[in-house]
Amino acid sequence: KKLGIALIGLGGYATNQLAPALLQTQHIELRGIVTGTPSKIPVWVEKYKIPEKNIYNYDNFDKIADNKDIDVVYVVLPNSMHAEFTIRAAKAGKHVICEKPMSVSVKEGEAMIAACKKAGRQLAIGYRLHYDPFHLEMMRLSREKVFGEVKLVEASDGFRAGDPAQWRLHHALSGGGPLMDVGIYAIQGARYTIGLEPTYVTAQAFPKTDPQKFKDIEESLAWQLYFPNGAIANSFSTYITNVNRLYAAAEKGWFELNRAYGYKGQEGRTSQGPMQITPINQQAAHMDGVAKAILENRPNNVPGEEGLRDMKIIEAIYASMAAAGKKLKIG
Ligand code: NAD
């Protein structure tokens, strides 16, 4: 049996990554769309054979409760809309996959988890890298202490944000700058490559080179996570240049990914040589992994609680940045 999924928000990620990946999935298939832009509908109908009865807009979306074709709703909207649509989908009795960051605050994240729990439905976050073989290898090398205990992680993620009109640069829609958008991958990488939860943060903002374009959000920042065993992660995120790396220094060696957080093109190396890993379609693996957990009635690997841990760290990073780098406890 395959589950049916509906995508909400037919932007770049849904159009170019998720929908094509759903042609490769074994346990879940694309059956519905939710869009505020009617002109997009004909292309999706033609390409993915979406029946008229499975097409919704943001106003009539709640009627999806009566639609037996749809088991899972995937929220792929700007960050500030994640909480509303996750909670509406749960109330409609659907399982939810919600993109990262799960929300724009800890409070919203908690409300999303509570809504899915109350509805008896699963909540999964769009953390595709938990299903990527390169990242699974970083986790294994750490967990099995192949090079001893990890002491230091350097994890950075950034890119050059072009169009000044895009929602990512506007706090009301994004909830924050590069930290919310891609820095979250560096937080994730540090957490699963050290294999513990950080307890303290420090963070530093940098002077803006384009204060007009980035008037609403940080342009670049650095932060440090402190782990209970003494390990430290040092990270950088920015909207002005490409940086994309996950490096772990352990007692007896090191292991790293370059182009770490992309959809493809990862390069993995350890102090003993290159990682021999065959890349896969991350989005297909992620959605199949979540679907399999739902079908087998067991928790998925990327639950709401996993998203909430990152939201707590993000709030602590912003608070430390606002307090001139003061060391703050997380949570
Ligand atoms: P996008 O700008 O390409 O698409 C956003 C969609 O939301 C568009 O279809 C747009 O029409 C719709 N929308 C509805 N109301 C809007 C409003 N008020 N303002 C702007 N757009 C509005 O963005 P995207 O890159 O597809 O990102 C969507 C979500 O997916 C974000 O939360 C982002 O963080 C996440 N994302 C995740 C990954 C990943 O690798 N997991 C990659 C890209 C994006």
# chains A, B, ... in the order shown; residues from 1 in each chain; ligands from 1

call {"tool": "residues_near_ligand", "arguments": {"ligand": "ligand 1", "cutoff": "8 Å", "atoms": "only C-alpha atoms and all ligand atoms", "output": "MDAnalysis selection string"}}
result
chainID A and resid 8:15 35:37 75:79 81:82 98:102 126:128 166:168 173:174 180:182 262:263

call {"tool": "write_last_selection", "arguments": {"atoms": "C-alpha atoms", "output": "mmCIF file, in the first residue's frame"}}
result
data_model
loop_
_atom_site.group_PDB
_atom_site.id
_atom_site.type_symbol
_atom_site.label_atom_id
_atom_site.label_comp_id
_atom_site.auth_asym_id
_atom_site.auth_seq_id
_atom_site.Cartn_x
_atom_site.Cartn_y
_atom_site.Cartn_z
ATOM 1 C CA ILE A 8 1.251 22.833 0.168
ATOM 2 C CA GLY A 9 3.188 25.653 -1.494
ATOM 3 C CA LEU A 10 4.370 24.982 -5.042
ATOM 4 C CA GLY A 11 7.601 26.999 -4.895
ATOM 5 C CA GLY A 12 11.173 26.070 -5.742
ATOM 6 C CA TYR A 13 11.662 23.165 -3.347
ATOM 7 C CA ALA A 14 8.277 21.532 -4.024
ATOM 8 C CA THR A 15 8.540 21.986 -7.806
ATOM 9 C CA THR A 35 -1.706 26.458 -3.920
ATOM 10 C CA GLY A 36 -2.602 30.142 -3.745
ATOM 11 C CA THR A 37 -1.641 30.624 -7.394
ATOM 12 C CA VAL A 75 4.130 22.034 4.244
ATOM 13 C CA VAL A 76 6.588 23.760 1.876
ATOM 14 C CA LEU A 77 5.624 27.389 2.563
ATOM 15 C CA PRO A 78 7.668 30.340 3.929
ATOM 16 C CA ASN A 79 8.713 29.669 7.538
ATOM 17 C CA MET A 81 3.326 29.902 7.649
ATOM 18 C CA HIS A 82 4.552 26.474 8.861
ATOM 19 C CA CYS A 98 6.877 20.284 7.642
ATOM 20 C CA GLU A 99 9.900 21.973 6.128
ATOM 21 C CA LYS A 100 12.793 23.341 8.180
ATOM 22 C CA PRO A 101 12.956 25.426 10.274
ATOM 23 C CA MET A 102 9.813 23.839 11.749
ATOM 24 C CA GLY A 126 12.066 18.082 6.310
ATOM 25 C CA TYR A 127 15.495 16.950 7.560
ATOM 26 C CA ARG A 128 16.488 15.053 4.392
ATOM 27 C CA GLN A 166 12.504 37.258 -1.716
ATOM 28 C CA TRP A 167 10.677 36.208 1.474
ATOM 29 C CA ARG A 168 13.916 34.866 2.989
ATOM 30 C CA LEU A 173 7.970 35.626 6.607
ATOM 31 C CA SER A 174 11.350 34.050 7.426
ATOM 32 C CA MET A 180 17.073 30.046 10.261
ATOM 33 C CA ASP A 181 17.472 29.097 6.608
ATOM 34 C CA VAL A 182 20.771 27.211 6.329
ATOM 35 C CA GLY A 262 23.562 20.146 -0.784
ATOM 36 C CA TYR A 263 21.117 17.865 -2.547
#

call {"tool": "residues_around", "arguments": {"residues": "range 296-301 of chain A", "least_positions_apart": "5", "cutoff": "9 Å", "atoms": "only C-alpha atoms", "output": "JSON, numbers by chain"}}
result
{"A": [122, 123, 124, 130, 131, 289, 290, 291, 306]}

call {"tool": "closest_residue", "arguments": {"among": "A:Glu251, A:Asp71, A:Glu197, A:Glu52", "to": "Lys2 in chain A", "atoms": "only C-alpha atoms"}}
result
A:Asp71

call {"tool": "closest_residue", "arguments": {"among": "A:Pro178, A:Gly268, A:Gly120, A:Gly148", "to": "Arg160 in chain A", "atoms": "only C-alpha atoms"}}
result
A:Pro178

call {"tool": "closest_residue", "arguments": {"among": "A:Val302, A:Leu136, A:Met287, A:Leu152", "to": "Gly4 in chain A", "atoms": "only C-alpha atoms"}}
result
A:Met287

call {"tool": "select_by_dssp", "arguments": {"residues": "range 5-209 of chain A", "states": "strand (DSSP E)", "output": "ChimeraX atom specification"}}
result
/A:5-8,28-34,55-56,72-75,95-98,123-125,150-158,200-205

call {"tool": "write_last_selection", "arguments": {"atoms": "N, CA and C atoms", "output": "short mmCIF file (atom, residue, chain, number, x, y, z; two decimals), in the first residue's frame"}}
result
data_model
loop_
_atom_site.label_atom_id
_atom_site.label_comp_id
_atom_site.auth_asym_id
_atom_site.auth_seq_id
_atom_site.Cartn_x
_atom_site.Cartn_y
_atom_site.Cartn_z
N ILE A 5 0.18 11.77 -0.75
CA ILE A 5 0.68 13.02 -0.17
C ILE A 5 0.17 14.22 -0.97
N ALA A 6 -0.09 15.32 -0.26
CA ALA A 6 -0.40 16.60 -0.90
C ALA A 6 0.67 17.61 -0.52
N LEU A 7 1.18 18.35 -1.49
CA LEU A 7 2.17 19.39 -1.24
C LEU A 7 1.46 20.73 -1.08
N ILE A 8 1.80 21.47 0.00
CA ILE A 8 1.25 22.83 0.17
C ILE A 8 2.36 23.82 -0.10
N ILE A 28 5.05 6.14 -0.92
CA ILE A 28 4.23 7.36 -0.89
C ILE A 28 4.20 7.96 -2.29
N GLU A 29 3.05 8.53 -2.67
CA GLU A 29 2.98 9.12 -4.02
C GLU A 29 2.21 10.44 -4.00
N LEU A 30 2.50 11.29 -4.97
CA LEU A 30 1.87 12.61 -5.05
C LEU A 30 0.44 12.48 -5.55
N ARG A 31 -0.52 12.92 -4.72
CA ARG A 31 -1.92 12.83 -5.14
C ARG A 31 -2.66 14.17 -5.07
N GLY A 32 -2.06 15.16 -4.37
CA GLY A 32 -2.78 16.42 -4.22
C GLY A 32 -1.85 17.62 -4.16
N ILE A 33 -2.42 18.81 -4.43
CA ILE A 33 -1.67 20.06 -4.31
C ILE A 33 -2.54 21.12 -3.63
N VAL A 34 -1.86 22.02 -2.91
CA VAL A 34 -2.54 23.14 -2.28
C VAL A 34 -1.77 24.38 -2.70
N ILE A 55 -7.28 19.18 -5.54
CA ILE A 55 -6.61 20.49 -5.65
C ILE A 55 -7.30 21.47 -4.70
N TYR A 56 -6.51 22.09 -3.84
CA TYR A 56 -7.06 23.01 -2.82
C TYR A 56 -6.31 24.33 -2.90
N VAL A 72 -1.00 12.24 3.96
CA VAL A 72 0.08 13.09 4.48
C VAL A 72 0.04 14.43 3.76
N VAL A 73 0.25 15.52 4.53
CA VAL A 73 0.36 16.85 3.94
C VAL A 73 1.78 17.34 4.17
N TYR A 74 2.42 17.88 3.12
CA TYR A 74 3.81 18.36 3.22
C TYR A 74 3.80 19.87 3.10
N VAL A 75 4.16 20.56 4.19
CA VAL A 75 4.13 22.03 4.24
C VAL A 75 5.45 22.58 3.71
N HIS A 95 -1.36 13.19 8.63
CA HIS A 95 0.03 13.23 9.07
C HIS A 95 0.69 14.42 8.39
N VAL A 96 1.74 14.98 9.02
CA VAL A 96 2.36 16.18 8.46
C VAL A 96 3.86 16.02 8.32
N ILE A 97 4.37 16.41 7.16
CA ILE A 97 5.80 16.68 7.03
C ILE A 97 5.90 18.19 6.88
N CYS A 98 6.74 18.84 7.70
CA CYS A 98 6.88 20.28 7.64
C CYS A 98 8.33 20.63 7.37
N LEU A 123 4.17 13.91 13.09
CA LEU A 123 4.79 15.13 12.57
C LEU A 123 6.25 14.80 12.26
N ALA A 124 6.66 15.10 11.03
CA ALA A 124 8.07 14.89 10.64
C ALA A 124 8.59 16.20 10.08
N ILE A 125 9.87 16.50 10.31
CA ILE A 125 10.47 17.73 9.78
C ILE A 125 11.25 17.37 8.50
N VAL A 150 34.67 12.50 19.37
CA VAL A 150 34.75 13.78 18.65
C VAL A 150 34.91 14.91 19.67
N LYS A 151 35.91 15.76 19.46
CA LYS A 151 36.19 16.86 20.39
C LYS A 151 35.77 18.21 19.83
N LEU A 152 35.86 18.34 18.48
CA LEU A 152 35.60 19.64 17.87
C LEU A 152 34.90 19.44 16.53
N VAL A 153 33.85 20.23 16.31
CA VAL A 153 33.20 20.23 14.99
C VAL A 153 33.28 21.65 14.43
N GLU A 154 33.64 21.74 13.14
CA GLU A 154 33.49 23.00 12.43
C GLU A 154 32.39 22.78 11.41
N ALA A 155 31.29 23.51 11.52
CA ALA A 155 30.13 23.28 10.65
C ALA A 155 29.62 24.64 10.19
N SER A 156 29.68 24.88 8.88
CA SER A 156 29.24 26.18 8.37
C SER A 156 28.41 25.99 7.12
N ASP A 157 27.40 26.86 6.96
CA ASP A 157 26.54 26.78 5.78
C ASP A 157 26.06 28.19 5.43
N GLY A 158 26.30 28.57 4.19
CA GLY A 158 25.85 29.88 3.74
C GLY A 158 25.83 29.94 2.23
N TYR A 200 25.12 24.98 26.22
CA TYR A 200 25.34 26.44 26.22
C TYR A 200 25.68 26.93 24.82
N VAL A 201 25.43 28.22 24.57
CA VAL A 201 25.85 28.84 23.30
C VAL A 201 26.53 30.18 23.57
N THR A 202 27.39 30.56 22.61
CA THR A 202 27.79 31.96 22.47
C THR A 202 27.59 32.30 21.00
N ALA A 203 27.35 33.57 20.67
CA ALA A 203 27.11 33.94 19.27
C ALA A 203 27.56 35.36 19.02
N GLN A 204 28.01 35.61 17.79
CA GLN A 204 28.49 36.93 17.41
C GLN A 204 27.89 37.35 16.07
N ALA A 205 27.38 38.57 16.02
CA ALA A 205 26.92 39.14 14.75
C ALA A 205 28.11 39.85 14.10
#

call {"tool": "closest_residue", "arguments": {"among": "A:Ile113, A:Ala284, A:Ile184, A:Ile277", "to": "Ala19 in chain A", "atoms": "only C-alpha atoms"}}
result
A:Ala284

call {"tool": "closest_residue", "arguments": {"among": "A:Ser235, A:Asn244, A:Gln276, A:Ser320", "to": "Ala190 in chain A", "atoms": "only C-alpha atoms"}}
result
A:Ser235

call {"tool": "atom_distance", "arguments": {"atom1": "CA of Leu3 in chain A", "atom2": "CA of Gly304 in chain A"}}
result
20.0 Å

call {"tool": "closest_residue", "arguments": {"among": "A:Lys264, A:Lys40, A:Lys63, A:Arg259", "to": "Ala92 in chain A", "atoms": "only C-alpha atoms"}}
result
A:Lys63

call {"tool": "atom_distance", "arguments": {"atom1": "CA of Glu84 in chain A", "atom2": "CA of Ile217 in chain A"}}
result
22.3 Å

call {"tool": "select_by_dssp", "arguments": {"residues": "range 48-147 of chain A", "states": "helix (DSSP H, G or I)", "output": "MDAnalysis selection string"}}
result
chainID A and resid 48 52:54 61:66 79:91 106:119 128:131 133:143

call {"tool": "atom_distance", "arguments": {"atom1": "CA of Lys213 in chain A", "atom2": "CA of Gly183 in chain A"}}
result
18.9 Å

call {"tool": "residues_around", "arguments": {"residues": "Glu137 in chain A", "least_positions_apart": "2", "cutoff": "12 Å", "atoms": "only C-alpha atoms", "output": "PyMOL selection string"}}
result
chain A and resi 129-135+139-146+189+192-193+255-257+267-270+275-279

call {"tool": "write_last_selection", "arguments": {"atoms": "N, CA and C atoms", "output": "mmCIF file, in the first residue's frame"}}
result
data_model
loop_
_atom_site.group_PDB
_atom_site.id
_atom_site.type_symbol
_atom_site.label_atom_id
_atom_site.label_comp_id
_atom_site.auth_asym_id
_atom_site.auth_seq_id
_atom_site.Cartn_x
_atom_site.Cartn_y
_atom_site.Cartn_z
ATOM 1 N N LEU A 129 18.745 15.168 5.362
ATOM 2 C CA LEU A 129 20.106 14.648 5.544
ATOM 3 C C LEU A 129 20.169 13.481 6.531
ATOM 4 N N HIS A 130 19.115 13.303 7.327
ATOM 5 C CA HIS A 130 19.065 12.129 8.210
ATOM 6 C C HIS A 130 18.903 10.838 7.409
ATOM 7 N N TYR A 131 18.640 10.966 6.109
ATOM 8 C CA TYR A 131 18.465 9.786 5.251
ATOM 9 C C TYR A 131 19.565 9.715 4.191
ATOM 10 N N ASP A 132 20.537 10.639 4.262
ATOM 11 C CA ASP A 132 21.599 10.707 3.259
ATOM 12 C C ASP A 132 22.786 9.859 3.712
ATOM 13 N N PRO A 133 23.307 8.983 2.829
ATOM 14 C CA PRO A 133 24.364 8.053 3.266
ATOM 15 C C PRO A 133 25.649 8.743 3.734
ATOM 16 N N PHE A 134 25.967 9.923 3.201
ATOM 17 C CA PHE A 134 27.176 10.625 3.660
ATOM 18 C C PHE A 134 27.012 11.077 5.119
ATOM 19 N N HIS A 135 25.828 11.614 5.423
ATOM 20 C CA HIS A 135 25.585 12.078 6.797
ATOM 21 C C HIS A 135 25.412 10.900 7.755
ATOM 22 N N MET A 139 27.535 10.184 11.213
ATOM 23 C CA MET A 139 26.928 9.763 12.485
ATOM 24 C C MET A 139 27.564 8.461 12.985
ATOM 25 N N ARG A 140 27.768 7.512 12.060
ATOM 26 C CA ARG A 140 28.335 6.210 12.449
ATOM 27 C C ARG A 140 29.772 6.363 12.960
ATOM 28 N N LEU A 141 30.586 7.149 12.225
ATOM 29 C CA LEU A 141 31.990 7.315 12.629
ATOM 30 C C LEU A 141 32.074 7.902 14.037
ATOM 31 N N SER A 142 31.122 8.797 14.349
ATOM 32 C CA SER A 142 31.090 9.390 15.689
ATOM 33 C C SER A 142 30.607 8.368 16.723
ATOM 34 N N ARG A 143 29.442 7.748 16.420
ATOM 35 C CA ARG A 143 28.804 6.828 17.385
ATOM 36 C C ARG A 143 29.716 5.658 17.725
ATOM 37 N N GLU A 144 30.365 5.098 16.695
ATOM 38 C CA GLU A 144 31.232 3.924 16.920
ATOM 39 C C GLU A 144 32.643 4.326 17.341
ATOM 40 N N LYS A 145 32.858 5.616 17.513
ATOM 41 C CA LYS A 145 34.165 6.152 17.960
ATOM 42 C C LYS A 145 35.310 5.572 17.124
ATOM 43 N N VAL A 146 35.104 5.520 15.818
ATOM 44 C CA VAL A 146 36.104 4.937 14.907
ATOM 45 C C VAL A 146 37.436 5.677 15.036
ATOM 46 N N GLY A 189 24.216 19.281 11.948
ATOM 47 C CA GLY A 189 25.464 18.545 11.707
ATOM 48 C C GLY A 189 26.273 18.417 12.990
ATOM 49 N N TYR A 192 24.493 15.876 15.440
ATOM 50 C CA TYR A 192 24.572 14.433 15.167
ATOM 51 C C TYR A 192 25.999 13.957 14.939
ATOM 52 N N THR A 193 26.944 14.869 14.747
ATOM 53 C CA THR A 193 28.330 14.422 14.603
ATOM 54 C C THR A 193 29.014 14.365 15.968
ATOM 55 N N PHE A 255 37.189 13.410 10.247
ATOM 56 C CA PHE A 255 36.321 13.048 9.118
ATOM 57 C C PHE A 255 35.497 14.265 8.737
ATOM 58 N N GLU A 256 35.200 14.372 7.430
ATOM 59 C CA GLU A 256 34.564 15.607 6.980
ATOM 60 C C GLU A 256 33.757 15.406 5.706
ATOM 61 N N LEU A 257 32.810 16.320 5.501
ATOM 62 C CA LEU A 257 32.073 16.410 4.240
ATOM 63 C C LEU A 257 32.250 17.813 3.690
ATOM 64 N N GLU A 267 31.314 15.407 -0.913
ATOM 65 C CA GLU A 267 32.613 14.739 -0.950
ATOM 66 C C GLU A 267 32.977 14.417 0.476
ATOM 67 N N GLY A 268 33.146 13.129 0.767
ATOM 68 C CA GLY A 268 33.473 12.733 2.134
ATOM 69 C C GLY A 268 34.898 12.216 2.227
ATOM 70 N N ARG A 269 35.608 12.610 3.289
ATOM 71 C CA ARG A 269 36.979 12.133 3.508
ATOM 72 C C ARG A 269 37.197 11.897 4.994
ATOM 73 N N THR A 270 38.096 10.985 5.292
ATOM 74 C CA THR A 270 38.534 10.835 6.682
ATOM 75 C C THR A 270 40.061 10.946 6.675
ATOM 76 N N MET A 275 35.814 8.703 1.531
ATOM 77 C CA MET A 275 34.680 7.816 1.829
ATOM 78 C C MET A 275 34.190 7.245 0.496
ATOM 79 N N GLN A 276 33.923 5.948 0.476
ATOM 80 C CA GLN A 276 33.412 5.326 -0.760
ATOM 81 C C GLN A 276 31.900 5.179 -0.607
ATOM 82 N N ILE A 277 31.167 6.160 -1.062
ATOM 83 C CA ILE A 277 29.722 6.154 -0.841
ATOM 84 C C ILE A 277 29.013 6.502 -2.150
ATOM 85 N N THR A 278 27.944 5.762 -2.452
ATOM 86 C CA THR A 278 27.149 6.056 -3.648
ATOM 87 C C THR A 278 26.011 7.001 -3.268
ATOM 88 N N PRO A 279 25.930 8.167 -3.927
ATOM 89 C CA PRO A 279 24.858 9.118 -3.583
ATOM 90 C C PRO A 279 23.474 8.564 -3.923
#

call {"tool": "residues_around", "arguments": {"residues": "Lys312 in chain A", "least_positions_apart": "6", "cutoff": "8 Å", "atoms": "only C-alpha atoms", "output": "MDAnalysis selection string"}}
result
chainID A and resid 106 330:331

call {"tool": "residues_around", "arguments": {"residues": "Gln212 in chain A", "least_positions_apart": "6", "cutoff": "12 Å", "atoms": "only C-alpha atoms", "output": "list in words"}}
result
Pro164, Ala165, Leu169, His170, Glu218 and Glu219 of chain A

call {"tool": "write_last_selection", "arguments": {"atoms": "N, CA and C atoms", "output": "compact mmCIF listing (two decimals), in the first residue's frame"}}
result
# COMPACT_ATOMS: atom_id res chain seq x y z
N PRO A 164 16.56 40.81 -3.66
CA PRO A 164 16.23 41.46 -2.39
C PRO A 164 14.75 41.37 -2.04
N ALA A 165 13.90 41.01 -3.01
CA ALA A 165 12.45 40.96 -2.73
C ALA A 165 12.03 39.61 -2.14
N LEU A 169 14.49 37.25 3.01
CA LEU A 169 15.13 38.45 3.56
C LEU A 169 14.17 39.27 4.41
N HIS A 170 12.92 38.80 4.55
CA HIS A 170 11.93 39.58 5.28
C HIS A 170 11.50 38.84 6.54
N GLU A 218 19.84 39.23 10.19
CA GLU A 218 21.31 39.21 10.21
C GLU A 218 21.83 38.87 8.82
N GLU A 219 23.01 39.42 8.50
CA GLU A 219 23.63 39.12 7.20
C GLU A 219 24.60 37.94 7.34
